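Heads up: the structure comes next, in structure tokens.
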Amino acid sequence: MDRNADAPWSEFDPEVYVDNNYRTPLEVDLKIVRLLRDHFSRCFAAAAPRSARGVDVGAGANLYPALSMLPWCEKILLLEYAPPNVAYLERQTAPGGLDATWDAFWEELCQAPAYRGIDPHTEVGQIVRVERANLFDLNGQRRWDVGTMFFVADSMSEDAEEFRQGVHCFMNALDASAPFAVAFMKQSQGYQVGEHRYPAYPVDAHRARQSLQPYAAELEIHDLRHTVRPGHEGILLALGRRNSAGGSS
């Protein structure tokens, strides 16, 4: 069994990952972005703009979760462990560094009023910062008002306990009532990035709900039956709000 510590994170190639997944937008990712847009727009309908602190845990080489939080956040932190991904994110979040790959995702977000009038190529460089951190080190030490975690707890280890601990640490990084979005690869058997193989824990809709329900005041799970590579059965997107106490121990 491969655990998180066994994976070759220092060899992760973000450019290959972006080429495989985001350079040409996949329909499932555009659908996810629309669901994120509508979820956060609903949750923040009565909130003051730029009043929240946001976090994307295990950001990897994916900027669209951070973009989805942009209208409501005064600061967004991208937490990432793999050094090559940290370097990629630092380039993307430098002033003027966000490249055109992410424009198609922003166009989907701009179908909602809150996103219009924002220039992500300027705003990302002003409010988004990157920090190298291990998901397991969070565990309630810091709290955010909104958070995302995409393809992390399920895509770092084959161990069920590490999967559960990853979800626990993310959810305990959120304040009560914080909107959240979590994505899992459904029934993943692991994945290849360049020359290296990375572990995964097979999650279905039941396991996703079971892992998140103790922490959620609201929870809806979208079972998106799109496959993007061999070795999985689709994508699960969980949207909700953090409850006030559950799962905090």
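Letters A, B, ... mark the chains of the structure tokens in the order given; residue numbers begin at 1 per chain; ligand numbers begin at 1, in order shown.
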Could you list, with a cut-off of 6 Å and counting only C-alpha atoms, the residues of stretch 179-204 of chain A near stretch 140-149 of chain A, each shown with its nearest atom pair and the distance in Å rounded to one decimal, rows sorted by chain and ascending number, as CSV?
```
residue,atom,partner,partner_atom,distance
A:Pro179,CA,A:Val146,CA,5.1
A:Phe180,CA,A:Gly147,CA,4.9
A:Ala181,CA,A:Thr148,CA,4.8
A:Val182,CA,A:Met149,CA,4.8
```
Excluding stretch 196-199 of chain A and residues on its chain fewer than 2 positions from it, collect all residues at most 9 Å away from it, counting only C-alpha atoms, and give them as a PDB file with C-alpha atoms, in the first residue's frame.
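Listed below is the output, around.pdb:
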```pdb
ATOM      1  CA  MET A   1       0.000   0.000   0.000  1.00  0.00           C
ATOM      2  CA  ASP A   2       1.382   3.406  -1.026  1.00  0.00           C
ATOM      3  CA  ARG A   3       0.879   6.131   1.545  1.00  0.00           C
ATOM      4  CA  ASN A   4       1.236   9.868   1.052  1.00  0.00           C
ATOM      5  CA  ASP A   6       5.753   7.265  -0.402  1.00  0.00           C
ATOM      6  CA  ALA A   7       4.656   9.299  -3.429  1.00  0.00           C
ATOM      7  CA  PRO A   8       7.270  11.152  -5.544  1.00  0.00           C
ATOM      8  CA  TRP A   9       5.865  14.631  -4.905  1.00  0.00           C
ATOM      9  CA  GLU A  11       8.956  14.928  -9.180  1.00  0.00           C
ATOM     10  CA  PHE A  12       5.403  16.088  -9.914  1.00  0.00           C
ATOM     11  CA  ASP A  13       5.278  17.895 -13.283  1.00  0.00           C
ATOM     12  CA  ASP A 154      -8.434  10.931  -2.479  1.00  0.00           C
ATOM     13  CA  SER A 155      -5.359  11.478  -4.683  1.00  0.00           C
ATOM     14  CA  MET A 156      -2.440  11.331  -2.259  1.00  0.00           C
ATOM     15  CA  SER A 157      -2.597   7.860  -0.669  1.00  0.00           C
ATOM     16  CA  GLU A 158      -4.109   4.391  -0.950  1.00  0.00           C
ATOM     17  CA  SER A 188      -9.694   6.150  -8.761  1.00  0.00           C
ATOM     18  CA  GLN A 189      -7.044   3.455  -9.022  1.00  0.00           C
ATOM     19  CA  GLY A 190      -4.152   5.938  -9.148  1.00  0.00           C
ATOM     20  CA  TYR A 191      -2.873   8.224 -11.870  1.00  0.00           C
ATOM     21  CA  GLN A 192       0.129   8.971 -14.024  1.00  0.00           C
ATOM     22  CA  VAL A 193       1.793  12.390 -14.400  1.00  0.00           C
ATOM     23  CA  GLY A 194       4.694  12.286 -16.813  1.00  0.00           C
ATOM     24  CA  TYR A 201      -8.004   5.956  -2.570  1.00  0.00           C
TER      25      TYR A 201
END
```
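Among the candidates A:Lys75, A:Arg42, A:Arg132, A:Arg37, the one nearest to A:Arg116 when counting only C-alpha atoms is A:Arg37.
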Exercise. Enter the distance from atom CA of A:Ser244 to atom CA of A:Gln210, in Å, rounded to one decimal.
Key: 17.7 Å
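Each of A:Gly125, A:Pro65, A:Gly231, A:Pro214 was checked against A:Ala200 using only C-alpha atoms; the smallest atom-to-atom distance is that of A:Gly231.
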Exercise. Would you list, as a count of residues only, the residues of stretch 30-201 of chain A that end up in helix (DSSP H, G or I) under DSSP run on this structure's backbone?
Key: 70
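DSSP annotation of stretch 50-132 of chain A from backbone atoms: strand (DSSP E or B) residues are Ala52, Arg53, Gly54, Val55, Asp56, Val57, Cys73, Glu74, Lys75, Ile76, Leu77, Leu78, Leu79, Glu80, Val128, Arg129, Val130, Glu131 and Arg132 of chain A.
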Serialized selection, C-alpha atoms, as an mmCIF file, in the first residue's frame:
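out30.cif written:
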```cif
data_model
loop_
_atom_site.group_PDB
_atom_site.id
_atom_site.type_symbol
_atom_site.label_atom_id
_atom_site.label_comp_id
_atom_site.auth_asym_id
_atom_site.auth_seq_id
_atom_site.Cartn_x
_atom_site.Cartn_y
_atom_site.Cartn_z
ATOM 1 C CA ALA A 52 -13.889 36.669 3.469
ATOM 2 C CA ARG A 53 -10.607 34.818 3.864
ATOM 3 C CA GLY A 54 -10.376 31.904 1.467
ATOM 4 C CA VAL A 55 -8.168 28.831 1.198
ATOM 5 C CA ASP A 56 -7.584 26.233 -1.495
ATOM 6 C CA VAL A 57 -5.973 23.209 0.144
ATOM 7 C CA CYS A 73 -12.281 37.294 -0.621
ATOM 8 C CA GLU A 74 -9.898 39.920 0.642
ATOM 9 C CA LYS A 75 -7.190 37.240 0.712
ATOM 10 C CA ILE A 76 -6.919 33.733 -0.743
ATOM 11 C CA LEU A 77 -4.224 31.308 0.332
ATOM 12 C CA LEU A 78 -3.132 28.426 -1.879
ATOM 13 C CA LEU A 79 -1.681 25.657 0.262
ATOM 14 C CA GLU A 80 0.411 23.085 -1.602
ATOM 15 C CA VAL A 128 -3.716 35.397 -3.795
ATOM 16 C CA ARG A 129 -0.589 34.055 -2.149
ATOM 17 C CA VAL A 130 1.041 30.641 -2.009
ATOM 18 C CA GLU A 131 2.352 28.701 0.961
ATOM 19 C CA ARG A 132 4.043 25.323 1.074
#
```
Quiz item: Which residues come within 7 Å of A:Tyr88, counting only C-alpha atoms, excluding same-chain residues fewer than 4 positions away, as a ChimeraX atom specification?
Solution: /A:14,61,84,92
Selection to disk with all heavy atoms, as a PDB file, in the first residue's frame:
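As written to disk, out.pdb reads:
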```
ATOM      1  N   PRO A  14       3.917  19.934 -13.027  1.00  0.00           N
ATOM      2  CA  PRO A  14       2.673  20.693 -13.181  1.00  0.00           C
ATOM      3  C   PRO A  14       2.353  21.049 -14.624  1.00  0.00           C
ATOM      4  O   PRO A  14       1.176  21.143 -14.991  1.00  0.00           O
ATOM      5  CB  PRO A  14       2.912  21.947 -12.333  1.00  0.00           C
ATOM      6  CG  PRO A  14       4.391  22.068 -12.230  1.00  0.00           C
ATOM      7  CD  PRO A  14       4.926  20.674 -12.255  1.00  0.00           C
ATOM      8  N   ALA A  61      -1.819  22.235  -9.537  1.00  0.00           N
ATOM      9  CA  ALA A  61      -1.652  23.121 -10.688  1.00  0.00           C
ATOM     10  C   ALA A  61      -3.017  23.520 -11.233  1.00  0.00           C
ATOM     11  O   ALA A  61      -3.223  23.581 -12.442  1.00  0.00           O
ATOM     12  CB  ALA A  61      -0.821  22.432 -11.765  1.00  0.00           C
ATOM     13  N   PRO A  84       7.375  21.390  -6.994  1.00  0.00           N
ATOM     14  CA  PRO A  84       7.155  21.893  -8.356  1.00  0.00           C
ATOM     15  C   PRO A  84       5.814  22.616  -8.511  1.00  0.00           C
ATOM     16  O   PRO A  84       5.709  23.592  -9.271  1.00  0.00           O
ATOM     17  CB  PRO A  84       7.204  20.629  -9.221  1.00  0.00           C
ATOM     18  CG  PRO A  84       7.971  19.635  -8.413  1.00  0.00           C
ATOM     19  CD  PRO A  84       7.587  19.926  -6.993  1.00  0.00           C
ATOM     20  N   GLN A  92       2.128  31.744 -11.368  1.00  0.00           N
ATOM     21  CA  GLN A  92       0.787  32.139 -11.790  1.00  0.00           C
ATOM     22  C   GLN A  92       0.233  33.294 -10.963  1.00  0.00           C
ATOM     23  O   GLN A  92      -0.583  34.088 -11.459  1.00  0.00           O
ATOM     24  CB  GLN A  92      -0.160  30.940 -11.700  1.00  0.00           C
ATOM     25  CG  GLN A  92       0.138  29.834 -12.691  1.00  0.00           C
ATOM     26  CD  GLN A  92      -0.082  30.273 -14.124  1.00  0.00           C
ATOM     27  OE1 GLN A  92      -1.109  30.844 -14.480  1.00  0.00           O
ATOM     28  NE2 GLN A  92       0.918  30.030 -14.967  1.00  0.00           N
TER      29      GLN A  92
END
```
Practice problem: Work out how far apart atom CA of A:Leu70 and atom CA of A:Pro120 are and give it in Å to one decimal. | Solution: 8.1 Å
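Computed from the coordinates, the atom CA of A:Asn85 to atom CA of A:Ala133 distance equals 11.6 Å.
Of the residues listed (A:Pro25, A:Gly58, A:Gly166, A:Gly240), A:Gly58 shows the shortest atom-to-atom separation from A:Ala82; distances use only C-alpha atoms.
Of the listed residues (A:Asn134, A:Ser211, A:Gln187, A:Gln126), A:Ser211 comes nearest to A:Glu161; the distances count only C-alpha atoms.
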Exercise. Skip A:Tyr64 itself and residues of its chain fewer than 4 positions away, then list as a count of residues only all residues within 10 Å of it, counting only C-alpha atoms.
Key: 18
